[in-house]
>>> print(open('query_29.txt').read())   # compact mmCIF, C-alpha atoms and all ligand atoms
# COMPACT_ATOMS: atom_id res chain seq x y z
CA MET P 1 202.63 117.06 131.72
CA ALA P 2 199.11 115.59 131.80
CA PRO P 3 197.34 116.05 128.52
CA GLN P 4 194.98 118.93 128.25
CA ARG P 5 192.70 119.35 125.34
CA GLU P 6 191.06 122.34 123.80
CA THR P 7 188.34 120.83 121.73
CA GLY P 8 187.46 122.41 118.45
CA GLY P 9 184.19 122.74 116.62
CA MET P 10 181.04 123.93 118.29
CA SER P 11 182.16 123.15 121.77
CA ASP P 12 184.82 125.18 123.51
CA LEU P 13 185.46 122.70 126.26
CA THR P 14 188.79 122.16 127.92
CA ILE P 15 189.21 118.65 129.31
CA SER P 16 191.91 118.17 131.88
CA ASP P 17 193.08 116.03 134.76
CA ILE P 18 193.21 117.09 138.42
CA HIS P 19 196.72 115.67 138.56
CA SER P 20 197.90 118.42 136.25
CA LEU P 21 196.96 120.98 138.91
CA LYS P 22 198.72 122.17 142.03
CA ARG P 23 197.08 121.37 145.34
CA ASP P 24 194.91 124.47 145.70
CA GLY P 25 193.64 124.26 142.14
CA ALA P 26 192.89 120.56 142.52
CA LEU P 27 191.02 121.10 145.79
CA ASP P 28 188.95 123.86 144.22
CA ILE P 29 187.88 121.62 141.33
CA LEU P 30 187.25 118.66 143.66
CA ALA P 31 184.96 120.86 145.80
CA LYS P 32 183.02 121.94 142.71
CA ILE P 33 182.72 118.35 141.52
CA SER P 34 181.58 117.27 144.95
CA ARG P 35 178.73 119.79 144.94
CA VAL P 36 177.47 118.56 141.57
CA GLU P 37 177.89 114.94 142.65
CA LYS P 38 175.71 115.44 145.74
CA LYS P 39 173.01 117.09 143.66
CA THR P 40 173.07 114.37 141.02
CA PHE P 41 173.36 111.08 142.89
CA PRO P 42 171.68 109.62 145.98
CA THR P 43 173.90 109.84 149.07
CA ASN P 44 174.89 106.16 149.05
CA GLU P 45 176.03 106.41 145.43
CA ALA P 46 177.87 109.71 145.67
CA PHE P 47 181.57 109.25 145.03
CA PRO P 48 183.81 110.80 147.72
CA PHE P 49 185.80 113.49 145.96
CA GLY P 50 188.32 114.12 148.71
CA GLU P 51 191.88 115.44 148.65
CA GLU P 52 193.34 111.91 148.68
CA LEU P 53 192.25 111.53 145.07
CA TRP P 54 194.79 114.15 144.13
CA ARG P 55 197.43 113.25 146.68
CA LYS P 56 197.84 109.51 146.72
CA LYS P 57 195.71 107.73 144.19
CA PRO P 58 197.72 107.82 140.99
CA ASN P 59 195.70 104.99 139.41
CA THR P 60 192.49 106.92 139.92
CA ARG P 61 192.07 109.63 137.33
CA VAL P 62 189.64 112.47 137.81
CA LEU P 63 188.97 114.38 134.61
CA TYR P 64 187.02 117.58 134.42
CA ALA P 65 185.70 119.71 131.60
CA THR P 66 185.38 123.47 131.85
CA ARG P 67 184.19 126.19 129.55
CA ALA P 68 185.51 129.73 129.72
CA LYS P 69 182.97 132.34 130.73
CA GLY P 70 184.50 135.79 130.91
CA SER P 71 187.37 135.59 133.34
CA GLN P 72 185.75 132.63 135.12
CA SER P 73 185.52 129.03 133.99
CA ASP P 74 182.50 126.88 134.67
CA LEU P 75 182.62 123.21 135.55
CA ILE P 76 180.68 121.42 132.81
CA ALA P 77 181.44 117.74 133.35
CA TYR P 78 183.67 115.25 135.13
CA ALA P 79 184.62 111.60 134.99
CA VAL P 80 186.47 109.13 137.18
CA TYR P 81 188.22 105.96 136.15
CA VAL P 82 190.64 103.56 137.77
CA ARG P 83 193.38 101.99 135.74
CA GLN P 84 194.14 98.33 136.52
CA LYS P 85 196.73 97.08 134.07
CA GLY P 86 195.01 96.65 130.69
CA VAL P 87 191.57 97.58 131.95
CA ALA P 88 190.18 100.93 132.98
CA LEU P 89 187.12 100.85 135.21
CA LEU P 90 184.98 103.85 134.44
CA HIS P 91 183.26 104.72 137.71
CA LYS P 92 181.54 107.89 136.76
CA VAL P 93 180.63 110.27 134.01
CA CYS P 94 178.55 113.29 134.82
CA VAL P 95 177.54 116.37 132.88
CA THR P 96 176.01 119.28 134.81
CA GLU P 97 172.29 119.45 134.22
CA ALA P 98 172.19 122.67 132.20
CA ASN P 99 174.78 121.31 129.77
CA ARG P 100 173.27 117.96 128.91
CA ARG P 101 172.21 116.83 125.46
CA GLN P 102 174.80 118.98 123.74
CA GLY P 103 177.38 116.30 123.02
CA VAL P 104 179.50 116.95 126.12
CA GLY P 105 179.18 113.38 127.45
CA GLN P 106 180.22 112.01 124.11
CA GLU P 107 183.18 114.35 123.94
CA VAL P 108 184.39 113.36 127.40
CA LEU P 109 184.11 109.66 126.54
CA SER P 110 185.94 110.16 123.30
CA TYR P 111 188.72 111.99 125.13
CA ILE P 112 189.00 109.11 127.65
CA GLN P 113 189.11 106.53 124.86
CA GLN P 114 191.84 108.36 122.96
CA ARG P 115 193.89 108.86 126.04
CA LEU P 116 193.63 105.27 127.28
CA ARG P 117 194.36 103.90 123.83
CA LYS P 118 197.50 106.02 123.67
CA GLU P 119 198.52 104.71 127.09
CA GLY P 120 198.18 101.11 125.89
CA CYS P 121 194.99 100.24 127.76
CA GLN P 122 192.93 97.47 126.15
CA TYR P 123 189.44 97.71 127.62
CA ILE P 124 187.16 100.13 129.37
CA GLN P 125 184.65 98.47 131.65
CA LEU P 126 181.75 99.90 133.62
CA TRP P 127 178.57 99.04 135.47
CA VAL P 128 175.45 101.02 134.86
CA ASP P 129 172.02 100.96 136.47
CA GLU P 130 169.52 99.61 133.96
CA ALA P 131 167.23 102.53 134.78
CA ARG P 132 169.79 105.14 133.73
CA GLU P 133 168.63 105.34 130.15
CA PRO P 134 170.60 108.45 129.10
CA ALA P 135 173.84 106.92 130.35
CA ARG P 136 173.16 103.57 128.67
CA ALA P 137 172.35 105.31 125.41
CA LEU P 138 175.52 107.37 125.63
CA TYR P 139 177.68 104.30 126.31
CA LEU P 140 176.11 102.29 123.49
CA ARG P 141 176.60 105.16 121.11
CA SER P 142 180.22 105.43 122.17
CA GLY P 143 180.89 101.81 121.25
CA PHE P 144 180.34 99.97 124.54
CA GLU P 145 178.66 96.56 124.45
CA GLU P 146 176.44 95.07 127.12
CA ARG P 147 178.10 91.95 128.47
CA GLU P 148 176.31 90.94 131.65
CA VAL P 149 173.03 91.70 133.40
CA ILE P 150 172.81 91.21 137.15
CA PRO P 151 169.47 91.65 138.91
CA ASP P 152 169.61 93.40 142.30
CA TYR P 153 173.19 94.52 141.61
CA TYR P 154 172.76 97.98 143.11
CA ALA P 155 169.91 97.22 145.51
CA PRO P 156 166.83 95.02 145.53
CA GLY P 157 165.03 95.65 142.24
CA ARG P 158 167.89 97.60 140.69
CA THR P 159 169.58 95.76 137.88
CA GLY P 160 173.20 96.38 136.97
CA ILE P 161 174.55 96.07 133.45
CA LYS P 162 178.21 95.47 132.74
CA MET P 163 179.44 97.20 129.62
CA VAL P 164 182.78 96.86 127.90
CA LEU P 165 184.55 98.81 125.20
CA ASP P 166 187.36 97.12 123.30
CA LEU P 167 189.92 99.86 122.68
CA GLU P 168 191.88 97.77 120.23
CA ARG P 169 188.95 97.36 117.90
CA GLY P 170 188.92 100.36 115.62
CA ALA P 171 188.96 104.01 116.55
C1 LIG P 201 174.51 110.39 131.02
C2 LIG P 201 175.07 111.81 130.78
C3 LIG P 201 176.53 111.82 131.22
C4 LIG P 201 174.97 112.11 129.28
O1 LIG P 201 175.66 113.33 129.02
P1 LIG P 201 175.24 114.33 127.82
O2 LIG P 201 176.30 115.33 127.68
O3 LIG P 201 173.86 114.79 128.01
O4 LIG P 201 175.26 113.31 126.58
P2 LIG P 201 175.44 113.72 125.05
O5 LIG P 201 174.79 115.02 124.77
O6 LIG P 201 176.88 113.58 124.67
O7 LIG P 201 174.60 112.58 124.36
C5 LIG P 201 175.17 111.61 123.50
C6 LIG P 201 174.12 110.59 123.15
O8 LIG P 201 173.73 109.84 124.30
C7 LIG P 201 172.33 109.58 124.24
N1 LIG P 201 171.61 110.33 125.29
C8 LIG P 201 172.11 111.29 126.11
N2 LIG P 201 171.14 111.76 126.94
C9 LIG P 201 170.02 111.08 126.63
C10 LIG P 201 168.68 111.09 127.12
N3 LIG P 201 168.32 111.93 128.10
N4 LIG P 201 167.79 110.25 126.60
C11 LIG P 201 168.13 109.40 125.60
N5 LIG P 201 169.39 109.34 125.06
C12 LIG P 201 170.31 110.16 125.58
C13 LIG P 201 171.88 110.05 122.88
O9 LIG P 201 172.09 109.00 121.97
C14 LIG P 201 172.84 111.19 122.66
O10 LIG P 201 172.98 111.57 121.31
P3 LIG P 201 171.94 112.61 120.66
O11 LIG P 201 171.82 113.78 121.60
O12 LIG P 201 172.57 112.98 119.35
O13 LIG P 201 170.66 111.86 120.53
C15 LIG P 201 174.22 112.86 131.53
O14 LIG P 201 172.85 112.68 131.24
C16 LIG P 201 174.41 112.84 133.05
O15 LIG P 201 175.35 113.39 133.58
N6 LIG P 201 173.48 112.16 133.77
C17 LIG P 201 173.52 112.07 135.22
C18 LIG P 201 174.69 111.28 135.73
C19 LIG P 201 174.70 109.84 135.24
O16 LIG P 201 173.69 109.16 135.17
N7 LIG P 201 175.89 109.36 134.90
C20 LIG P 201 176.10 108.01 134.44
C21 LIG P 201 176.25 107.05 135.57
S1 LIG P 201 177.70 107.36 136.54
>>> encode(input="query_29.txt", output="structure tokens")
Amino acid sequence: MAPQRETGGMSDLTISDIHSLKRDGALDILAKISRVEKKTFPTNEAFPFGEELWRKKPNTRVLYATRAKGSQSDLIAYAVYVRQKGVALLHKVCVTEANRRQGVGQEVLSYIQQRLRKEGCQYIQLWVDEAREPARALYLRSGFEEREVIPDYYAPGRTGIKMVLDLERGA
């Protein structure tokens, strides 16, 4: 039902959606995501990856990327967005530390773009902390434009930047 993608080329990532899983599988992935999330973000910025995301939040999509390793599969990355009519708000993109700088972030964003475009979504919007240089560079490279700069958006001294990607403008 939900699209699943085996990506070709150098990477052997599988990108999928927790809504394509049964409850136990979804809870297992959510627990793995939650552990990475707590390691990556300060407590007040950690997204709550609870069961309700799978059960009753159909507009909230949680994507995850895995890579096969023997009979196991490792969690490599995840992303969360909320669909509101023609706009998708991208809340989070995260690649596990050991797998950064290998094109995974770009691949996940490209998957999200393709999927939203197919679903008729017009824009992807996000807020990013000015200090998160890798994320800003990734978004710019993926076609996002900076639209608004708000000082103290996250906390005193922490500027927020609003970025938008027009899905109807080219591939
Ligand atoms: C931001 C993040 C998702 C990038 O993922 P990634 O898989 O390392 O990114 P990619 O390898 O696809 O990089 C694509 C491009 O983004 C830019 N980029 C990525 N990491 C960068 C870094 N550390 N410094 C500068 N540019 C960077 C580069 O232009 C890069 O292309 P290049 O490697 O050919 O130069 C990852 O660093 C991460 O998870 N960070 C912590 C969580 C976070 O800040 N998330 C965003 C806010 S929710």
>>> closest_residue(input="query_29.txt", among="P:Asp129, P:Glu168, P:Asp24, P:Glu51", to="ligand LIG 201 (chain P)", atoms="only C-alpha atoms and all ligand atoms")
P:Asp129
>>> residues_near_ligand(input="query_29.txt", ligand="ligand LIG 201 (chain P)", cutoff="9 Å", atoms="all atoms listed in the file", output="tab-separated table (two decimals) with C-alpha atoms, keeping the file's coordinate frame")
chain	number	residue	atom	x	y	z
P	37	GLU	CA	177.89	114.94	142.65
P	40	THR	CA	173.07	114.37	141.02
P	41	PHE	CA	173.36	111.08	142.89
P	77	ALA	CA	181.44	117.74	133.35
P	78	TYR	CA	183.67	115.25	135.13
P	79	ALA	CA	184.62	111.60	134.99
P	80	VAL	CA	186.47	109.13	137.18
P	90	LEU	CA	184.98	103.85	134.44
P	91	HIS	CA	183.26	104.72	137.71
P	92	LYS	CA	181.54	107.89	136.76
P	93	VAL	CA	180.63	110.27	134.01
P	94	CYS	CA	178.55	113.29	134.82
P	95	VAL	CA	177.54	116.37	132.88
P	96	THR	CA	176.01	119.28	134.81
P	97	GLU	CA	172.29	119.45	134.22
P	99	ASN	CA	174.78	121.31	129.77
P	100	ARG	CA	173.27	117.96	128.91
P	101	ARG	CA	172.21	116.83	125.46
P	102	GLN	CA	174.80	118.98	123.74
P	103	GLY	CA	177.38	116.30	123.02
P	104	VAL	CA	179.50	116.95	126.12
P	105	GLY	CA	179.18	113.38	127.45
P	106	GLN	CA	180.22	112.01	124.11
P	107	GLU	CA	183.18	114.35	123.94
P	108	VAL	CA	184.39	113.36	127.40
P	109	LEU	CA	184.11	109.66	126.54
P	126	LEU	CA	181.75	99.90	133.62
P	127	TRP	CA	178.57	99.04	135.47
P	128	VAL	CA	175.45	101.02	134.86
P	129	ASP	CA	172.02	100.96	136.47
P	132	ARG	CA	169.79	105.14	133.73
P	133	GLU	CA	168.63	105.34	130.15
P	134	PRO	CA	170.60	108.45	129.10
P	135	ALA	CA	173.84	106.92	130.35
P	136	ARG	CA	173.16	103.57	128.67
P	137	ALA	CA	172.35	105.31	125.41
P	138	LEU	CA	175.52	107.37	125.63
P	139	TYR	CA	177.68	104.30	126.31
P	140	LEU	CA	176.11	102.29	123.49
P	141	ARG	CA	176.60	105.16	121.11
P	142	SER	CA	180.22	105.43	122.17
>>> closest_residue(input="query_29.txt", among="P:Leu63, P:Leu116, P:Ile18, P:Ala26", to="P:Gln84", atoms="all atoms listed in the file")
P:Leu116
>>> atom_distance(input="query_29.txt", atom1="atom CA of P:Leu30", atom2="atom CA of P:Gly50")
6.9 Å
>>> atom_distance(input="query_29.txt", atom1="atom CA of P:Asp28", atom2="atom CA of P:Pro48")
14.5 Å
>>> axis_aligned_box(input="query_29.txt", around="stretch 141-152 of chain P", padding_each_side="4 Å", output="AutoDock Vina command-line options")
--center_x 175.2 --center_y 98.2 --center_z 131.7 --size_x 19.4 --size_y 22.5 --size_z 29.2
>>> atom_distance(input="query_29.txt", atom1="atom CA of P:Arg23", atom2="atom CA of P:Gly86")
28.8 Å
>>> closest_residue(input="query_29.txt", among="P:Leu21, P:Ile15, P:Val87, P:Leu53", to="P:Val164", atoms="all atoms listed in the file")
P:Val87
>>> closest_residue(input="query_29.txt", among="P:Val36, P:Leu27, P:Ala98, P:Val82", to="P:Glu52", atoms="all atoms listed in the file")
P:Leu27
>>> closest_residue(input="query_29.txt", among="P:Ser71, P:Ser110, P:Asn59, P:Thr159", to="P:Lys85", atoms="only C-alpha atoms")
P:Asn59
>>> decode(input="query_29.txt", residues="stretch 100-143 of chain P", atoms="N, CA and C atoms", output="tab-separated table (two decimals), in the first residue's frame")
chain	number	residue	atom	x	y	z
P	100	ARG	N	26.35	9.84	8.18
P	100	ARG	CA	26.23	11.17	7.59
P	100	ARG	C	27.27	11.39	6.49
P	101	ARG	N	26.98	12.39	5.69
P	101	ARG	CA	27.90	12.81	4.63
P	101	ARG	C	28.12	11.73	3.56
P	102	GLN	N	27.09	10.92	3.38
P	102	GLN	CA	27.17	9.89	2.33
P	102	GLN	C	25.99	10.00	1.37
P	103	GLY	N	25.30	11.13	1.43
P	103	GLY	CA	24.19	11.33	0.51
P	103	GLY	C	22.84	10.81	1.00
P	104	VAL	N	22.80	10.30	2.23
P	104	VAL	CA	21.54	9.73	2.73
P	104	VAL	C	20.49	10.82	2.91
P	105	GLY	N	20.88	11.94	3.52
P	105	GLY	CA	19.93	13.04	3.74
P	105	GLY	C	19.33	13.49	2.42
P	106	GLN	N	20.17	13.62	1.43
P	106	GLN	CA	19.70	14.05	0.12
P	106	GLN	C	18.73	13.03	-0.48
P	107	GLU	N	19.03	11.78	-0.28
P	107	GLU	CA	18.18	10.72	-0.82
P	107	GLU	C	16.79	10.73	-0.14
P	108	VAL	N	16.81	10.92	1.16
P	108	VAL	CA	15.53	10.96	1.89
P	108	VAL	C	14.69	12.16	1.43
P	109	LEU	N	15.35	13.32	1.27
P	109	LEU	CA	14.61	14.50	0.81
P	109	LEU	C	14.07	14.32	-0.60
P	110	SER	N	14.86	13.67	-1.43
P	110	SER	CA	14.41	13.47	-2.80
P	110	SER	C	13.22	12.50	-2.83
P	111	TYR	N	13.26	11.50	-1.98
P	111	TYR	CA	12.12	10.58	-1.86
P	111	TYR	C	10.86	11.34	-1.42
P	112	ILE	N	11.01	12.21	-0.40
P	112	ILE	CA	9.86	12.97	0.11
P	112	ILE	C	9.30	13.88	-0.99
P	113	GLN	N	10.18	14.53	-1.71
P	113	GLN	CA	9.73	15.42	-2.79
P	113	GLN	C	8.95	14.66	-3.85
P	114	GLN	N	9.49	13.54	-4.28
P	114	GLN	CA	8.82	12.76	-5.32
P	114	GLN	C	7.45	12.29	-4.86
P	115	ARG	N	7.43	11.84	-3.63
P	115	ARG	CA	6.19	11.30	-3.11
P	115	ARG	C	5.12	12.38	-2.96
P	116	LEU	N	5.51	13.54	-2.40
P	116	LEU	CA	4.55	14.62	-2.22
P	116	LEU	C	4.08	15.18	-3.55
P	117	ARG	N	4.99	15.26	-4.50
P	117	ARG	CA	4.62	15.76	-5.82
P	117	ARG	C	3.56	14.84	-6.43
P	118	LYS	N	3.80	13.55	-6.31
P	118	LYS	CA	2.85	12.56	-6.85
P	118	LYS	C	1.49	12.70	-6.18
P	119	GLU	N	1.51	13.04	-4.89
P	119	GLU	CA	0.25	13.17	-4.14
P	119	GLU	C	-0.42	14.53	-4.36
P	120	GLY	N	0.17	15.37	-5.19
P	120	GLY	CA	-0.46	16.66	-5.50
P	120	GLY	C	-0.15	17.77	-4.52
P	121	CYS	N	0.86	17.59	-3.69
P	121	CYS	CA	1.24	18.64	-2.74
P	121	CYS	C	2.01	19.74	-3.49
P	122	GLN	N	1.83	21.00	-3.07
P	122	GLN	CA	2.46	22.10	-3.81
P	122	GLN	C	3.76	22.60	-3.20
P	123	TYR	N	3.80	22.65	-1.86
P	123	TYR	CA	4.99	23.21	-1.20
P	123	TYR	C	5.45	22.33	-0.05
P	124	ILE	N	6.74	22.36	0.19
P	124	ILE	CA	7.26	21.83	1.45
P	124	ILE	C	7.82	23.02	2.21
P	125	GLN	N	7.45	23.13	3.47
P	125	GLN	CA	7.92	24.24	4.28
P	125	GLN	C	8.60	23.71	5.53
P	126	LEU	N	9.59	24.43	6.02
P	126	LEU	CA	10.25	24.00	7.26
P	126	LEU	C	10.88	25.19	7.97
P	127	TRP	N	11.17	25.00	9.23
P	127	TRP	CA	11.94	25.97	10.00
P	127	TRP	C	13.23	25.29	10.41
P	128	VAL	N	14.31	26.03	10.29
P	128	VAL	CA	15.59	25.46	10.70
P	128	VAL	C	16.35	26.48	11.55
P	129	ASP	N	17.04	25.98	12.53
P	129	ASP	CA	17.89	26.82	13.38
P	129	ASP	C	19.07	27.28	12.54
P	130	GLU	N	19.28	28.60	12.55
P	130	GLU	CA	20.37	29.19	11.77
P	130	GLU	C	21.71	28.49	12.03
P	131	ALA	N	21.89	28.01	13.25
P	131	ALA	CA	23.17	27.40	13.62
P	131	ALA	C	23.34	25.98	13.07
P	132	ARG	N	22.29	25.40	12.55
P	132	ARG	CA	22.41	24.03	12.01
P	132	ARG	C	22.89	24.07	10.56
P	133	GLU	N	24.16	24.32	10.43
P	133	GLU	CA	24.74	24.51	9.09
P	133	GLU	C	24.56	23.30	8.17
P	134	PRO	N	24.83	22.07	8.64
P	134	PRO	CA	24.67	20.93	7.74
P	134	PRO	C	23.24	20.83	7.20
P	135	ALA	N	22.27	21.06	8.07
P	135	ALA	CA	20.88	20.95	7.63
P	135	ALA	C	20.56	22.05	6.63
P	136	ARG	N	21.00	23.27	6.91
P	136	ARG	CA	20.72	24.37	5.97
P	136	ARG	C	21.35	24.10	4.61
P	137	ALA	N	22.58	23.58	4.64
P	137	ALA	CA	23.26	23.28	3.38
P	137	ALA	C	22.51	22.19	2.61
P	138	LEU	N	22.06	21.19	3.35
P	138	LEU	CA	21.31	20.11	2.69
P	138	LEU	C	20.02	20.64	2.05
P	139	TYR	N	19.29	21.49	2.80
P	139	TYR	CA	18.02	22.01	2.28
P	139	TYR	C	18.26	22.89	1.04
P	140	LEU	N	19.27	23.75	1.13
P	140	LEU	CA	19.56	24.62	-0.01
P	140	LEU	C	19.90	23.79	-1.24
P	141	ARG	N	20.71	22.78	-1.01
P	141	ARG	CA	21.13	21.93	-2.11
P	141	ARG	C	19.96	21.15	-2.71
P	142	SER	N	18.95	20.90	-1.87
P	142	SER	CA	17.79	20.16	-2.35
P	142	SER	C	16.73	21.06	-2.98
P	143	GLY	N	17.03	22.35	-3.08
P	143	GLY	CA	16.12	23.24	-3.79
P	143	GLY	C	15.27	24.15	-2.92
